[in-house]
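*Asks:* Below is work.tsv; it holds TSV, C-alpha atoms.
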```
chain	number	residue	atom	x	y	z
A	1	MET	CA	0.00	0.00	0.00
A	2	GLY	CA	2.75	2.45	0.95
A	3	ASP	CA	0.35	4.92	2.60
A	4	VAL	CA	0.67	6.58	6.01
A	5	LEU	CA	-2.05	7.08	8.62
A	6	ALA	CA	-1.24	9.34	11.60
A	7	GLY	CA	-3.09	9.14	14.90
A	8	ASN	CA	-2.58	9.96	18.56
A	9	HIS	CA	0.99	9.11	19.62
A	10	ALA	CA	1.61	6.86	16.61
A	11	THR	CA	1.76	6.62	12.83
A	12	TRP	CA	0.98	3.54	10.78
A	13	GLU	CA	2.80	3.02	7.49
A	14	PHE	CA	1.34	0.34	5.25
A	15	GLU	CA	4.12	-1.55	3.49
A	16	SER	CA	3.57	-4.29	0.94
A	17	ASP	CA	4.38	-7.07	3.41
A	18	ALA	CA	4.20	-5.45	6.83
A	19	LEU	CA	2.68	-2.78	9.04
A	20	LEU	CA	5.30	-0.30	10.25
A	21	ILE	CA	4.27	1.44	13.47
A	22	ARG	CA	6.21	4.53	14.55
A	23	PHE	CA	5.61	6.12	17.94
A	24	ASP	CA	5.86	9.78	18.89
A	25	ARG	CA	8.37	10.80	21.53
A	26	GLY	CA	6.45	13.71	23.03
A	27	ASN	CA	5.74	14.32	26.70
A	28	ARG	CA	2.18	12.97	26.38
A	29	THR	CA	3.18	9.75	24.68
A	30	PRO	CA	3.17	6.77	27.09
A	31	LYS	CA	6.76	6.02	28.07
A	32	LEU	CA	6.58	2.44	26.84
A	33	LEU	CA	5.70	3.58	23.32
A	34	SER	CA	8.46	6.20	23.36
A	35	VAL	CA	10.99	3.54	24.33
A	36	LEU	CA	9.82	1.17	21.60
A	37	ARG	CA	10.17	3.93	18.95
A	38	GLU	CA	8.95	1.76	16.09
A	39	ARG	CA	7.82	-1.78	15.36
A	40	ARG	CA	7.69	-3.60	12.06
A	41	VAL	CA	4.88	-6.15	12.11
A	42	PRO	CA	4.77	-8.62	9.18
A	43	HIS	CA	1.26	-9.33	7.94
A	44	GLU	CA	1.72	-12.98	8.87
A	45	ALA	CA	2.06	-11.89	12.52
A	46	LEU	CA	-1.47	-10.47	12.60
A	47	ALA	CA	-4.69	-12.34	13.33
A	48	SER	CA	-7.21	-9.58	12.61
A	49	VAL	CA	-7.81	-5.84	12.39
A	50	THR	CA	-10.77	-4.13	14.05
A	51	LEU	CA	-12.29	-0.66	14.11
A	52	THR	CA	-14.33	0.40	17.13
A	53	PRO	CA	-15.66	3.64	18.65
A	54	GLY	CA	-13.21	5.28	21.05
A	55	LYS	CA	-13.54	7.85	23.81
A	56	ARG	CA	-14.40	11.51	23.33
A	57	GLY	CA	-15.11	11.58	19.62
A	58	THR	CA	-12.51	9.08	18.40
A	59	VAL	CA	-12.32	5.73	16.67
A	60	VAL	CA	-9.72	3.05	17.35
A	61	LEU	CA	-8.01	1.01	14.67
A	62	HIS	CA	-6.60	-2.09	16.35
A	63	ALA	CA	-4.28	-4.68	14.81
A	64	VAL	CA	-4.44	-7.93	16.77
A	65	PRO	CA	-1.22	-10.02	16.84
A	66	ARG	CA	-1.34	-13.77	16.66
A	67	PRO	CA	-0.41	-15.66	19.85
A	68	GLY	CA	3.32	-16.30	19.90
A	69	ALA	CA	4.16	-13.70	17.24
A	70	ASP	CA	5.35	-10.79	19.39
A	71	PRO	CA	7.69	-11.31	22.39
A	72	LEU	CA	6.55	-8.02	23.93
A	73	MET	CA	2.89	-9.05	24.02
A	74	GLU	CA	3.80	-12.57	25.12
A	75	ALA	CA	5.76	-11.20	28.08
A	76	ALA	CA	2.99	-8.72	28.92
A	77	ALA	CA	0.44	-11.56	29.07
A	78	GLY	CA	-2.53	-9.21	28.89
A	79	GLN	CA	-1.34	-6.86	31.65
A	80	LEU	CA	-0.81	-3.73	29.54
A	81	LYS	CA	-3.09	-0.77	30.03
A	82	GLU	CA	-5.09	0.20	26.96
A	83	ALA	CA	-3.10	3.41	26.39
A	84	CYS	CA	0.15	1.39	26.25
A	85	ASP	CA	-1.06	-1.15	23.69
A	86	PRO	CA	1.33	-0.66	20.74
A	87	TYR	CA	-1.24	-2.07	18.31
A	88	ARG	CA	-3.91	0.62	18.86
A	89	LEU	CA	-4.19	3.71	16.67
A	90	VAL	CA	-6.60	6.38	17.97
A	91	LEU	CA	-8.06	8.68	15.30
A	92	PRO	CA	-10.62	11.52	15.25
A	93	ALA	CA	-14.14	10.25	14.56
A	94	ASP	CA	-14.34	12.27	11.34
A	95	ARG	CA	-11.65	9.97	9.90
A	96	GLU	CA	-13.72	6.83	10.41
A	97	THR	CA	-14.33	6.31	6.70
A	98	LEU	CA	-10.61	6.53	6.00
A	99	ALA	CA	-9.92	4.16	8.88
A	100	GLU	CA	-12.43	1.66	7.47
A	101	TYR	CA	-10.62	1.75	4.15
A	102	TYR	CA	-7.25	0.97	5.73
A	103	ARG	CA	-8.79	-1.69	7.96
A	104	ASP	CA	-10.17	-3.48	4.91
A	105	GLU	CA	-6.94	-3.05	2.94
A	106	LEU	CA	-4.92	-4.50	5.80
A	107	ARG	CA	-7.36	-7.38	6.33
A	108	ALA	CA	-6.97	-8.33	2.69
A	109	ARG	CA	-3.26	-8.90	3.29
A	110	LEU	CA	-3.57	-11.13	6.35
A	111	PRO	CA	-2.66	-14.81	5.94
A	112	ALA	CA	-5.58	-17.13	5.27
A	113	ASP	CA	-4.67	-19.32	8.26
A	114	ALA	CA	-4.41	-16.45	10.80
A	115	MET	CA	-7.75	-17.34	12.36
A	116	GLY	CA	-8.92	-20.82	13.35
A	117	THR	CA	-12.30	-22.05	12.13
A	118	VAL	CA	-15.09	-24.36	13.18
A	119	ASP	CA	-17.85	-25.73	10.97
A	120	ALA	CA	-20.85	-23.42	11.06
A	121	GLY	CA	-23.17	-25.90	9.37
A	122	ALA	CA	-25.52	-23.19	8.12
A	123	ALA	CA	-25.78	-19.76	6.56
A	124	VAL	CA	-25.06	-16.81	8.78
A	125	GLY	CA	-26.58	-13.36	8.78
A	126	PRO	CA	-24.99	-9.95	8.34
A	127	VAL	CA	-23.63	-7.57	10.93
A	128	GLY	CA	-22.74	-3.89	10.71
A	129	ALA	CA	-19.81	-2.40	8.91
A	130	MET	CA	-17.78	-2.16	12.10
A	131	GLY	CA	-17.77	-5.97	12.42
A	132	SER	CA	-18.06	-8.01	15.60
A	133	VAL	CA	-14.83	-9.96	15.88
A	134	GLY	CA	-12.93	-8.84	18.97
A	135	ALA	CA	-9.29	-9.13	19.93
A	136	LEU	CA	-9.49	-12.88	20.41
A	137	GLY	CA	-11.78	-13.52	17.49
A	138	SER	CA	-14.85	-14.11	19.66
A	139	VAL	CA	-18.23	-13.45	18.05
A	140	ASP	CA	-20.57	-10.97	19.71
A	141	SER	CA	-23.72	-11.94	17.87
A	142	PRO	CA	-25.49	-15.13	16.77
A	143	GLY	CA	-25.20	-13.72	13.24
A	144	VAL	CA	-21.58	-14.02	12.14
A	145	THR	CA	-19.97	-11.98	9.43
A	146	ASP	CA	-17.26	-12.88	6.96
A	147	VAL	CA	-14.46	-10.47	7.92
A	148	GLY	CA	-12.67	-10.52	4.60
A	149	ALA	CA	-11.17	-7.58	2.76
A	150	ALA	CA	-14.45	-5.88	1.98
A	151	GLY	CA	-16.02	-6.58	5.36
A	152	ALA	CA	-19.27	-7.46	3.61
A	153	PRO	CA	-21.77	-10.02	4.96
A	154	ALA	CA	-21.69	-13.37	3.24
A	155	HIS	CA	-22.91	-16.94	3.34
A	156	VAL	CA	-20.04	-18.91	4.88
A	157	ASP	CA	-19.40	-22.51	5.83
A	158	SER	CA	-17.21	-21.79	8.84
A	159	VAL	CA	-17.02	-19.42	11.79
A	160	LEU	CA	-13.88	-17.64	12.96
A	161	THR	CA	-12.62	-18.70	16.38
A	162	ALA	CA	-9.45	-17.93	18.34
A	163	PRO	CA	-6.36	-16.78	16.39
A	164	THR	CA	-4.02	-19.51	15.22
A	165	PRO	CA	-0.75	-19.42	17.22
A	166	VAL	CA	2.64	-19.33	15.55
A	167	ASP	CA	5.67	-21.33	16.63
A	168	ARG	CA	8.25	-18.52	16.39
A	169	PHE	CA	8.45	-14.81	17.02
A	170	LEU	CA	7.72	-12.76	13.92
A	171	VAL	CA	8.13	-9.29	15.46
A	172	ALA	CA	11.61	-8.20	16.52
A	173	PRO	CA	12.21	-7.72	20.26
A	174	PRO	CA	13.79	-4.59	21.78
A	175	GLN	CA	17.48	-4.61	20.88
A	176	GLY	CA	20.76	-4.03	22.69
A	177	PRO	CA	21.98	-4.32	26.29
A	178	GLN	CA	19.38	-3.34	28.88
A	179	SER	CA	19.41	-2.60	32.58
A	180	PHE	CA	17.01	-1.28	35.18
A	181	LYS	CA	16.90	-0.78	38.93
A	182	THR	CA	14.66	-3.00	41.02
A	183	TYR	CA	13.63	-2.76	44.65
A	184	ASP	CA	16.15	-5.38	45.68
A	185	GLY	CA	18.95	-4.80	43.19
A	186	ARG	CA	19.67	-4.25	39.52
A	187	ALA	CA	18.82	-6.45	36.55
A	188	SER	CA	21.04	-6.42	33.45
A	189	PHE	CA	20.89	-8.21	30.10
A	190	ASP	CA	23.74	-8.11	27.60
A	191	GLY	CA	21.26	-8.36	24.75
A	192	VAL	CA	22.50	-11.75	23.62
A	193	SER	CA	23.27	-14.48	26.10
A	194	GLU	CA	23.41	-13.51	29.80
A	195	VAL	CA	21.11	-12.04	32.42
A	196	SER	CA	22.53	-10.89	35.74
A	197	PHE	CA	21.00	-9.79	39.03
A	198	ARG	CA	23.11	-7.76	41.46
A	199	TRP	CA	21.56	-7.36	44.87
A	200	SER	CA	21.13	-4.15	46.82
A	201	TRP	CA	22.12	-4.33	50.48
A	202	THR	CA	19.14	-2.12	51.39
A	203	GLY	CA	16.41	-4.14	49.66
A	204	ALA	CA	17.48	-7.73	49.02
A	205	SER	CA	16.29	-10.50	51.29
A	206	THR	CA	18.66	-12.56	53.42
A	207	GLU	CA	18.08	-15.52	51.10
A	208	LYS	CA	19.30	-13.53	48.11
A	209	TRP	CA	22.34	-12.23	50.00
A	210	LYS	CA	23.26	-15.76	50.96
A	211	ALA	CA	22.93	-16.89	47.34
A	212	GLY	CA	25.04	-13.98	46.08
A	213	ASP	CA	24.76	-12.04	42.86
A	214	GLN	CA	23.43	-14.18	40.04
A	215	THR	CA	24.30	-14.67	36.37
A	216	PHE	CA	22.14	-16.81	34.08
A	217	SER	CA	22.85	-18.05	30.58
A	218	VAL	CA	19.73	-17.81	28.42
A	219	ARG	CA	20.50	-21.34	27.24
A	220	ASP	CA	19.72	-22.55	30.76
A	221	LEU	CA	16.33	-20.82	30.85
A	222	CYS	CA	12.96	-21.88	29.49
A	223	GLY	CA	10.88	-18.78	30.14
A	224	VAL	CA	10.28	-15.42	31.80
A	225	GLU	CA	7.46	-14.37	34.12
A	226	TRP	CA	6.63	-10.65	34.28
A	227	ARG	CA	4.12	-9.21	36.70
A	228	SER	CA	3.42	-5.54	36.08
A	229	PRO	CA	4.83	-3.06	38.61
A	230	GLU	CA	1.50	-1.26	38.38
A	231	VAL	CA	-0.14	-3.99	40.47
A	232	LEU	CA	0.71	-5.28	43.93
A	233	ASP	CA	3.79	-7.50	44.20
A	234	GLY	CA	5.21	-6.90	40.72
A	235	TYR	CA	8.30	-8.90	39.75
A	236	LEU	CA	10.44	-10.34	36.97
A	237	ARG	CA	11.22	-14.04	37.37
A	238	LEU	CA	13.47	-16.20	35.21
A	239	VAL	CA	12.35	-19.79	34.76
A	240	PRO	CA	15.28	-22.25	34.71
A	241	ARG	CA	15.08	-25.47	32.76
A	242	GLY	CA	14.69	-28.70	34.66
A	243	GLY	CA	11.59	-27.90	36.71
A	244	ALA	CA	13.34	-27.97	40.10
A	245	PRO	CA	11.12	-26.88	43.02
A	246	ARG	CA	11.27	-23.14	43.74
A	247	THR	CA	9.88	-20.90	46.40
A	248	PRO	CA	6.60	-19.26	45.36
A	249	GLN	CA	7.83	-15.95	46.81
A	250	PRO	CA	9.85	-13.88	44.30
A	251	ASP	CA	11.37	-11.95	47.21
A	252	LEU	CA	13.14	-15.14	48.30
A	253	ASP	CA	13.99	-16.50	44.84
A	254	PRO	CA	17.49	-15.62	43.53
A	255	ALA	CA	16.11	-16.04	39.99
A	256	SER	CA	13.72	-13.13	40.57
A	257	VAL	CA	13.83	-9.39	41.09
A	258	VAL	CA	10.95	-7.56	42.72
A	259	PHE	CA	9.48	-4.20	41.82
A	260	GLY	CA	8.04	-1.42	43.95
A	261	LEU	CA	7.10	2.24	43.77
A	262	GLY	CA	9.47	3.72	41.19
A	263	TYR	CA	11.31	0.42	40.68
A	264	GLY	CA	11.00	-1.71	37.53
A	265	PRO	CA	8.64	0.63	35.61
A	266	VAL	CA	6.76	-0.88	32.67
A	267	HIS	CA	8.75	1.00	30.01
A	268	LEU	CA	12.00	-0.55	31.31
A	269	SER	CA	11.09	-3.93	32.75
A	270	LEU	CA	8.71	-5.13	30.01
A	271	PRO	CA	11.10	-4.54	27.05
A	272	PHE	CA	13.76	-6.23	29.19
A	273	ALA	CA	11.51	-9.27	29.74
A	274	ALA	CA	10.60	-9.38	26.05
A	275	ALA	CA	14.24	-9.25	24.95
A	276	VAL	CA	15.21	-12.07	27.31
A	277	LEU	CA	12.23	-14.16	26.19
A	278	ALA	CA	13.18	-13.70	22.54
A	279	ALA	CA	16.78	-14.71	23.30
A	280	ILE	CA	15.55	-17.84	25.07
A	281	ARG	CA	13.39	-18.81	22.09
A	282	GLY	CA	16.23	-18.06	19.70
A	283	ARG	CA	18.59	-20.41	21.50
A	284	ALA	CA	16.06	-23.17	22.10
A	285	ALA	CA	17.83	-25.56	19.76
A	286	ASP	CA	21.20	-24.97	21.41
A	287	ARG	CA	20.36	-25.20	25.10
A	288	VAL	CA	22.40	-27.09	27.65
A	289	PRO	CA	21.41	-28.48	31.08
A	290	VAL	CA	21.00	-26.00	33.88
A	291	HIS	CA	24.14	-25.08	35.81
A	292	ALA	CA	24.46	-23.21	39.07
A	293	ALA	CA	24.45	-19.45	38.53
A	294	ALA	CA	27.92	-17.93	38.72
A	295	PRO	CA	28.52	-14.83	40.82
A	296	ALA	CA	28.24	-11.63	38.80
A	297	GLY	CA	31.56	-10.10	37.84
A	298	MET	CA	33.41	-13.42	37.76
A	299	ARG	CA	32.98	-14.09	34.04
A	300	ASP	CA	36.06	-14.16	31.83
A	301	GLY	CA	38.35	-13.71	34.83
A	302	ALA	CA	36.97	-10.28	35.70
A	303	SER	CA	37.46	-9.18	39.31
A	304	ARG	CA	35.16	-7.12	41.47
A	305	ASP	CA	35.65	-3.66	42.77
A	306	PRO	CA	37.40	-3.98	46.18
A	307	GLY	CA	35.06	-1.42	47.72
A	308	ALA	CA	32.02	-3.41	46.65
A	309	VAL	CA	33.49	-6.61	48.07
A	310	ALA	CA	34.29	-4.88	51.37
A	311	GLU	CA	30.70	-3.62	51.58
A	312	ARG	CA	29.39	-7.13	50.97
A	313	ILE	CA	31.64	-8.55	53.71
A	314	ARG	CA	30.50	-5.83	56.10
A	315	HIS	CA	26.85	-6.63	55.43
A	316	LEU	CA	27.57	-10.34	55.74
A	317	GLY	CA	29.10	-9.64	59.15
A	318	GLU	CA	25.94	-7.84	60.24
A	319	LEU	CA	23.84	-10.83	59.21
A	320	HIS	CA	26.21	-13.11	61.12
A	321	GLN	CA	26.02	-10.99	64.28
A	322	ALA	CA	22.23	-10.95	64.03
A	323	GLY	CA	22.21	-14.74	63.95
A	324	LEU	CA	20.83	-14.91	60.39
A	325	VAL	CA	23.96	-16.59	59.04
A	326	THR	CA	25.73	-19.50	60.72
A	327	ASP	CA	29.46	-19.51	61.50
A	328	ALA	CA	30.08	-21.97	58.69
A	329	GLU	CA	28.05	-19.95	56.19
A	330	PHE	CA	29.82	-16.75	57.21
A	331	SER	CA	33.29	-18.27	56.82
A	332	ALA	CA	32.50	-19.89	53.48
A	333	LYS	CA	30.89	-16.79	51.99
A	334	LYS	CA	33.65	-14.49	53.27
A	335	ALA	CA	36.30	-16.73	51.71
A	336	GLU	CA	34.34	-16.72	48.44
A	337	LEU	CA	34.18	-12.92	48.39
A	338	LEU	CA	37.85	-12.52	49.24
A	339	ALA	CA	38.78	-14.92	46.47
A	340	GLU	CA	37.12	-12.58	43.96
A	341	LEU	CA	39.66	-9.81	44.62
```
Take the structure from the file and write it as structure tokens.
*Replies:*
Amino acid sequence: MGDVLAGNHATWEFESDALLIRFDRGNRTPKLLSVLRERRVPHEALASVTLTPGKRGTVVLHAVPRPGADPLMEAAAGQLKEACDPYRLVLPADRETLAEYYRDELRARLPADAMGTVDAGAAVGPVGAMGSVGALGSVDSPGVTDVGAAGAPAHVDSVLTAPTPVDRFLVAPPQGPQSFKTYDGRASFDGVSEVSFRWSWTGASTEKWKAGDQTFSVRDLCGVEWRSPEVLDGYLRLVPRGGAPRTPQPDLDPASVVFGLGYGPVHLSLPFAAAVLAAIRGRAADRVPVHAAAPAGMRDGASRDPGAVAERIRHLGELHQAGLVTDAEFSAKKAELLAEL
């Protein structure tokens, strides 16, 4: 198509094989969208396109990704607020006719197998021009419409059901090294192969201090769990391969970092989770059995900052004096820290 449609906070460019979404970087643009900048979504990654009335004299053009196509939406797992949905384009109501045109043009380019079907067994009646297939392809009315390119009612032999999942990511994840501060430390990802958690002495639990800073190879992971910081008890949890029993409390799990007020905001922690998830999927064929996490800073012979080690030993001594660490644990951990110098 090659055309461009500009809306609130975003612009859609219709390429021959993909939808290119560019986000504004203004003060009113949700931070997540500003961080994403742009996303190229191949037509094969989309399940459907809808047009619905919006708030305060607007209409909303919504492209619905297929399950498994976008690592960002997979990591979000339905927790994003409406304003942060990167697949929504809000337009003035007087542009509804234009929006309908682009909706139909985009629908015509979607893969034939994007939506699952079930046998209808009978003719179906018409519905309005806006259609009735929602984000998950559910039907609002007993009369079901054929949501083809023209959006016109038709006699069909099947009814659209849930979108057909894909077995690989079709939308690129956020790129490059990433890092953000959490309530109990700092999470870092090199953008390729390793995730590390470095604990904060003011926020990390005793269990995490005992375990020490953690480094995980993405080859040893099978998934990522992200709970939005905008709800109670938000966290980012890495899921190691092997299915070994783990504590249900992220605060006590060395493979987790916890969020809090001002810690792990959506625009930092969600792209981080999506990038790690994409790296895990990308290395699925080359994984190795899970190994114990190595202390951060010990890779490739790198040594730690002496001041940081001294601070860790001081805090370890406080835990020992408080009776939270045994004599044996204190001696072993102190020797481990000193050996890193």
*Asks:* Figure out the distance between CA of Val192 (chain A) and CA of Leu236 (chain A), please, to one decimal in Å.
*Replies:* 18.0 Å
*Asks:* So that each row is one residue of region 76-98 of chain A with an atom at most 12 Å from region 25-32 of chain A, can you give its shortest atom pair and the distance in Å to one decimal, using only C-alpha atoms, rows by chain and rising number, as a Markdown table?
*Replies:*
```
| residue | atom | partner | partner_atom | distance |
| --- | --- | --- | --- | --- |
| A:Ala76 | CA | A:Leu32 | CA | 11.9 |
| A:Leu80 | CA | A:Leu32 | CA | 10.0 |
| A:Lys81 | CA | A:Pro30 | CA | 10.2 |
| A:Glu82 | CA | A:Pro30 | CA | 10.6 |
| A:Ala83 | CA | A:Pro30 | CA | 7.1 |
| A:Cys84 | CA | A:Pro30 | CA | 6.2 |
| A:Asp85 | CA | A:Leu32 | CA | 9.0 |
| A:Pro86 | CA | A:Leu32 | CA | 8.6 |
```
*Asks:* Determine the nearest neighbour of Pro229 (chain A) from the options A:Gly264, A:Gly7, A:Gly54, A:Gly68, counting only C-alpha atoms.
*Replies:*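 Looking only at the distances to Pro229 (chain A), the closest residue turns out to be A:Gly264.
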*Asks:* With only C-alpha atoms as the counted atoms, please give the residues lying no more than 7 Å from Ala255 (chain A), apart from itself and same-chain residues fewer than 2 positions off, as a list in words.
*Replies:* Arg237, Leu238 and Asp253 of chain A
*Asks:* Print the selection's residues with C-alpha atoms to a file, as a PDB file, keeping the file's coordinate frame.
*Replies:*
```pdb
ATOM      1  CA  ARG A 237      11.220 -14.040  37.370  1.00  0.00           C
ATOM      2  CA  LEU A 238      13.470 -16.200  35.210  1.00  0.00           C
ATOM      3  CA  ASP A 253      13.990 -16.500  44.840  1.00  0.00           C
TER       4      ASP A 253
END
```
*Asks:* So which one's closest to Arg186 (chain A), A:Ala162, A:Leu36, A:Ala274, A:Val257? Using all atoms listed in the file, please.
*Replies:*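 Checking each candidate against Arg186 (chain A), we get A:Val257 as the closest.
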*Asks:* Please return as a list in words every residue within 10 Å of (30.3, -15.0, 54.0), taking into account only C-alpha atoms and the file's own coordinates.
*Replies:*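 Every residue inside that radius is included here: Trp209, Lys210, Gly212, Arg312, Ile313, Arg314, His315, Leu316, Gly317, Leu319, His320, Val325, Thr326, Asp327, Ala328, Glu329, Phe330, Ser331, Ala332, Lys333, Lys334, Ala335, Glu336, Leu337 and Leu338 of chain A.
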*Asks:* Name all residues at most 6 Å from Val218 (chain A) (count all atoms listed in the file; drop same-chain ones fewer than 5 positions away) and give them as number ranges by chain.
*Replies:* A: 193-194, 280
*Asks:* Can you work out the spacing between CA of Ala75 (chain A) and CA of Pro271 (chain A) in Å, to one decimal?
*Replies:*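 Computing the Euclidean distance for CA of Ala75 (chain A) and CA of Pro271 (chain A) yields 8.6 Å.
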*Asks:* Could you check the closest approach to Ile21 (chain A) for each of A:Gln249, A:Thr50, A:Gln175, A:Ser34 and tell me which residue wins, using only C-alpha atoms?
*Replies:*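 Counting only C-alpha atoms, the residue closest to Ile21 (chain A) is A:Ser34.
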*Asks:* To one decimal place, how far is CA of Ala45 (chain A) from CA of Val59 (chain A) in Å?
*Replies:*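 Interatomic distance here is 23.1 Å.
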*Asks:* Please check which residues have atoms at most 8 Å from (-18.8, 10.7, 15.0) in the file's coordinates, counting only C-alpha atoms, and write them as a compact mmCIF listing (two decimals) with C-alpha atoms, in the coordinates of the input.
*Replies:*
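Dumped to point_1.txt:
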```txt
# COMPACT_ATOMS: atom_id res chain seq x y z
CA GLY A 57 -15.11 11.58 19.62
CA THR A 58 -12.51 9.08 18.40
CA ALA A 93 -14.14 10.25 14.56
CA ASP A 94 -14.34 12.27 11.34
CA GLU A 96 -13.72 6.83 10.41
```
*Asks:* Could you check the closest approach to Leu20 (chain A) for each of A:Ala114, A:Val171, A:Val239, A:Ala47 and tell me which residue wins, using all atoms listed in the file?
*Replies:*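 Using all atoms listed in the file, Leu20 (chain A) sits closest to A:Val171.
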*Asks:* Which neighbours of Gly282 (chain A) fall inside 12 Å, counting only C-alpha atoms, when residues of the same chain fewer than 6 positions from it are skipped, and could you give them as a PDB file with C-alpha atoms, keeping the file's coordinate frame?
*Replies:*
```pdb
ATOM      1  CA  PRO A  71       7.690 -11.310  22.390  1.00  0.00           C
ATOM      2  CA  ASP A 167       5.670 -21.330  16.630  1.00  0.00           C
ATOM      3  CA  ARG A 168       8.250 -18.520  16.390  1.00  0.00           C
ATOM      4  CA  PHE A 169       8.450 -14.810  17.020  1.00  0.00           C
ATOM      5  CA  LEU A 170       7.720 -12.760  13.920  1.00  0.00           C
ATOM      6  CA  ALA A 172      11.610  -8.200  16.520  1.00  0.00           C
ATOM      7  CA  PRO A 173      12.210  -7.720  20.260  1.00  0.00           C
ATOM      8  CA  VAL A 192      22.500 -11.750  23.620  1.00  0.00           C
ATOM      9  CA  SER A 193      23.270 -14.480  26.100  1.00  0.00           C
ATOM     10  CA  VAL A 218      19.730 -17.810  28.420  1.00  0.00           C
ATOM     11  CA  ARG A 219      20.500 -21.340  27.240  1.00  0.00           C
ATOM     12  CA  LEU A 221      16.330 -20.820  30.850  1.00  0.00           C
ATOM     13  CA  CYS A 222      12.960 -21.880  29.490  1.00  0.00           C
ATOM     14  CA  GLY A 223      10.880 -18.780  30.140  1.00  0.00           C
ATOM     15  CA  ALA A 275      14.240  -9.250  24.950  1.00  0.00           C
ATOM     16  CA  VAL A 276      15.210 -12.070  27.310  1.00  0.00           C
TER      17      VAL A 276
END
```
*Asks:* Determine the nearest neighbour of Phe272 (chain A) from the options A:Phe180, A:Tyr101, A:Phe216, A:Trp199, counting only C-alpha atoms.
*Replies:*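 That would be A:Phe180, the residue with the smallest distance to Phe272 (chain A).
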*Asks:* Kindly indicate which residue among A:Gly185, A:Gly242, A:Gly262, A:Pro53 lies nearest to Gly203 (chain A), using all atoms listed in the file for the distances.
*Replies:*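 Closest to Gly203 (chain A), using all atoms listed in the file: A:Gly185.
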*Asks:* List as a ChimeraX atom specification the protein and nucleic acid residues near Tyr183 (chain A), meaning an atom at most 7 Å away when only C-alpha atoms are counted, but skip any in the same chain fewer than 2 places from it.
*Replies:* /A:181,185,203,258-260,263
